[in-house]
Amino acid sequence: DLPAEMGVCGMTCWRRLRDWQAVGVWQRLHAELLARLRGVDRINWERAVIDSSSVRAVHVGDHTGPSPVDRRKKGSKHHVLTDAQGVPLASSVTSANRHDSTQLRKLVQSVPPVRGKRGRPRRRPKALLGDRAYDAEPHRRWLRLLHIRPFIARRRTPHGSGLGKERWVVERTIAWLHQMRRLRTRFERRADIHQAFLTLGCALICWHHLQPS
């Protein structure tokens, strides 16, 4: 779909997207932008926030499944972990019917070592906030072993945990991601290609955080 006046073959661009995803170029780009953000003190490690959102998949492909929020139409789910300001630290793609709790450990482990300052790279927040979908005692024990305080709402308790006033930043970040056409609806059959677009979307948000207000 690239305009012909750009002088670039669309298939060539697709192959570069695929190949660079395979060798980790987009992940390294995201990590470099995180390092620059840390260098100017724009990453808040006091807490991280986790959430997910489903999108419709136009084609059947890897990591698609019946969406419980879209009349069981084929869809995928974007899982995102941000810092306390909404800076995306890690992301993943699963089928829409995959439970959120299955991605908590993966996302925490996927945060790259963030450089940008003298000393050891940083990759662990002091606390993690999540809604009831992540309620599981094994997760809490695992987070404590990593010296991360878990603040996860519990199931079968009245609403009003108070976490919403701090969790909204991840919902805003997901809304920013879904303003991008390739992420608002999934067109790719291959999950690795869609993950490449999701990682690029996170990198773009980091870039915008770097710009002057």
# chains A, B, ... in the order shown; residues from 1 in each chain; ligands from 1
call {"tool": "residues_around", "arguments": {"residues": "Val111 (chain A)", "least_positions_apart": "2", "cutoff": "7 Å", "atoms": "only C-alpha atoms", "output": "MDAnalysis selection string"}}
result
chainID A and resid 89:90 107:109 113 123
call {"tool": "residues_around", "arguments": {"residues": "Thr157 (chain A)", "least_positions_apart": "5", "cutoff": "12 Å", "atoms": "only C-alpha atoms", "output": "PDB file with N, CA, C and O atoms, in the first residue's frame"}}
result
ATOM      1  N   ASP A 131      -5.506  -5.099  37.626  1.00  0.00           N
ATOM      2  CA  ASP A 131      -6.914  -5.283  37.994  1.00  0.00           C
ATOM      3  C   ASP A 131      -7.179  -6.734  38.382  1.00  0.00           C
ATOM      4  O   ASP A 131      -6.250  -7.544  38.497  1.00  0.00           O
ATOM      5  N   ARG A 132      -8.445  -7.082  38.558  1.00  0.00           N
ATOM      6  CA  ARG A 132      -8.817  -8.407  39.057  1.00  0.00           C
ATOM      7  C   ARG A 132      -8.401  -9.550  38.132  1.00  0.00           C
ATOM      8  O   ARG A 132      -8.302 -10.691  38.571  1.00  0.00           O
ATOM      9  N   ASP A 135      -5.431 -11.454  39.454  1.00  0.00           N
ATOM     10  CA  ASP A 135      -5.509 -11.923  40.841  1.00  0.00           C
ATOM     11  C   ASP A 135      -5.101 -13.389  40.936  1.00  0.00           C
ATOM     12  O   ASP A 135      -5.816 -14.274  40.471  1.00  0.00           O
ATOM     13  N   ILE A 152      -2.656  -5.801  43.427  1.00  0.00           N
ATOM     14  CA  ILE A 152      -3.568  -6.401  42.462  1.00  0.00           C
ATOM     15  C   ILE A 152      -4.933  -6.552  43.116  1.00  0.00           C
ATOM     16  O   ILE A 152      -5.050  -7.118  44.214  1.00  0.00           O
TER      17      ILE A 152
END
call {"tool": "residues_around", "arguments": {"residues": "region 2-19 of chain A", "least_positions_apart": "3", "cutoff": "10 Å", "atoms": "only C-alpha atoms", "output": "number ranges by chain"}}
result
A: 22-26, 190, 192-194, 196-197
call {"tool": "write_last_selection", "arguments": {"atoms": "N, CA and C atoms", "output": "PDB file, in the first residue's frame"}}
result
ATOM      1  N   ALA A  22      12.867 -10.427  13.349  1.00  0.00           N
ATOM      2  CA  ALA A  22      13.494 -11.708  13.694  1.00  0.00           C
ATOM      3  C   ALA A  22      14.827 -11.516  14.410  1.00  0.00           C
ATOM      4  N   VAL A  23      15.567 -10.466  14.053  1.00  0.00           N
ATOM      5  CA  VAL A  23      16.885 -10.265  14.676  1.00  0.00           C
ATOM      6  C   VAL A  23      16.838  -9.235  15.803  1.00  0.00           C
ATOM      7  N   GLY A  24      15.637  -8.745  16.134  1.00  0.00           N
ATOM      8  CA  GLY A  24      15.487  -7.898  17.316  1.00  0.00           C
ATOM      9  C   GLY A  24      15.763  -6.422  17.121  1.00  0.00           C
ATOM     10  N   VAL A  25      15.689  -5.925  15.873  1.00  0.00           N
ATOM     11  CA  VAL A  25      15.971  -4.506  15.633  1.00  0.00           C
ATOM     12  C   VAL A  25      14.957  -3.615  16.335  1.00  0.00           C
ATOM     13  N   TRP A  26      13.662  -3.949  16.236  1.00  0.00           N
ATOM     14  CA  TRP A  26      12.631  -3.102  16.822  1.00  0.00           C
ATOM     15  C   TRP A  26      12.709  -3.122  18.350  1.00  0.00           C
ATOM     16  N   ARG A 190       0.409 -13.240  10.358  1.00  0.00           N
ATOM     17  CA  ARG A 190       1.531 -13.697  11.184  1.00  0.00           C
ATOM     18  C   ARG A 190       1.628 -12.868  12.459  1.00  0.00           C
ATOM     19  N   ASP A 192       4.204 -12.585  14.445  1.00  0.00           N
ATOM     20  CA  ASP A 192       5.469 -11.858  14.597  1.00  0.00           C
ATOM     21  C   ASP A 192       5.421 -10.506  13.889  1.00  0.00           C
ATOM     22  N   ILE A 193       4.706 -10.426  12.769  1.00  0.00           N
ATOM     23  CA  ILE A 193       4.582  -9.157  12.066  1.00  0.00           C
ATOM     24  C   ILE A 193       3.731  -8.189  12.886  1.00  0.00           C
ATOM     25  N   HIS A 194       2.647  -8.699  13.477  1.00  0.00           N
ATOM     26  CA  HIS A 194       1.811  -7.819  14.296  1.00  0.00           C
ATOM     27  C   HIS A 194       2.560  -7.374  15.550  1.00  0.00           C
ATOM     28  N   ALA A 196       5.713  -6.860  15.667  1.00  0.00           N
ATOM     29  CA  ALA A 196       6.634  -5.827  15.196  1.00  0.00           C
ATOM     30  C   ALA A 196       5.949  -4.466  15.198  1.00  0.00           C
ATOM     31  N   PHE A 197       4.704  -4.410  14.697  1.00  0.00           N
ATOM     32  CA  PHE A 197       3.970  -3.147  14.696  1.00  0.00           C
ATOM     33  C   PHE A 197       3.685  -2.678  16.124  1.00  0.00           C
TER      34      PHE A 197
END
call {"tool": "residues_around", "arguments": {"residues": "Gly116 (chain A)", "least_positions_apart": "4", "cutoff": "7 Å", "atoms": "only C-alpha atoms", "output": "list in words"}}
result
Ala35, Arg36, Arg38 and Gly39 of chain A
call {"tool": "select_by_dssp", "arguments": {"residues": "region 23-94 of chain A", "states": "strand (DSSP E or B)", "output": "PyMOL selection string"}}
result
chain A and resi 48-57+65-66+74-83+88-94
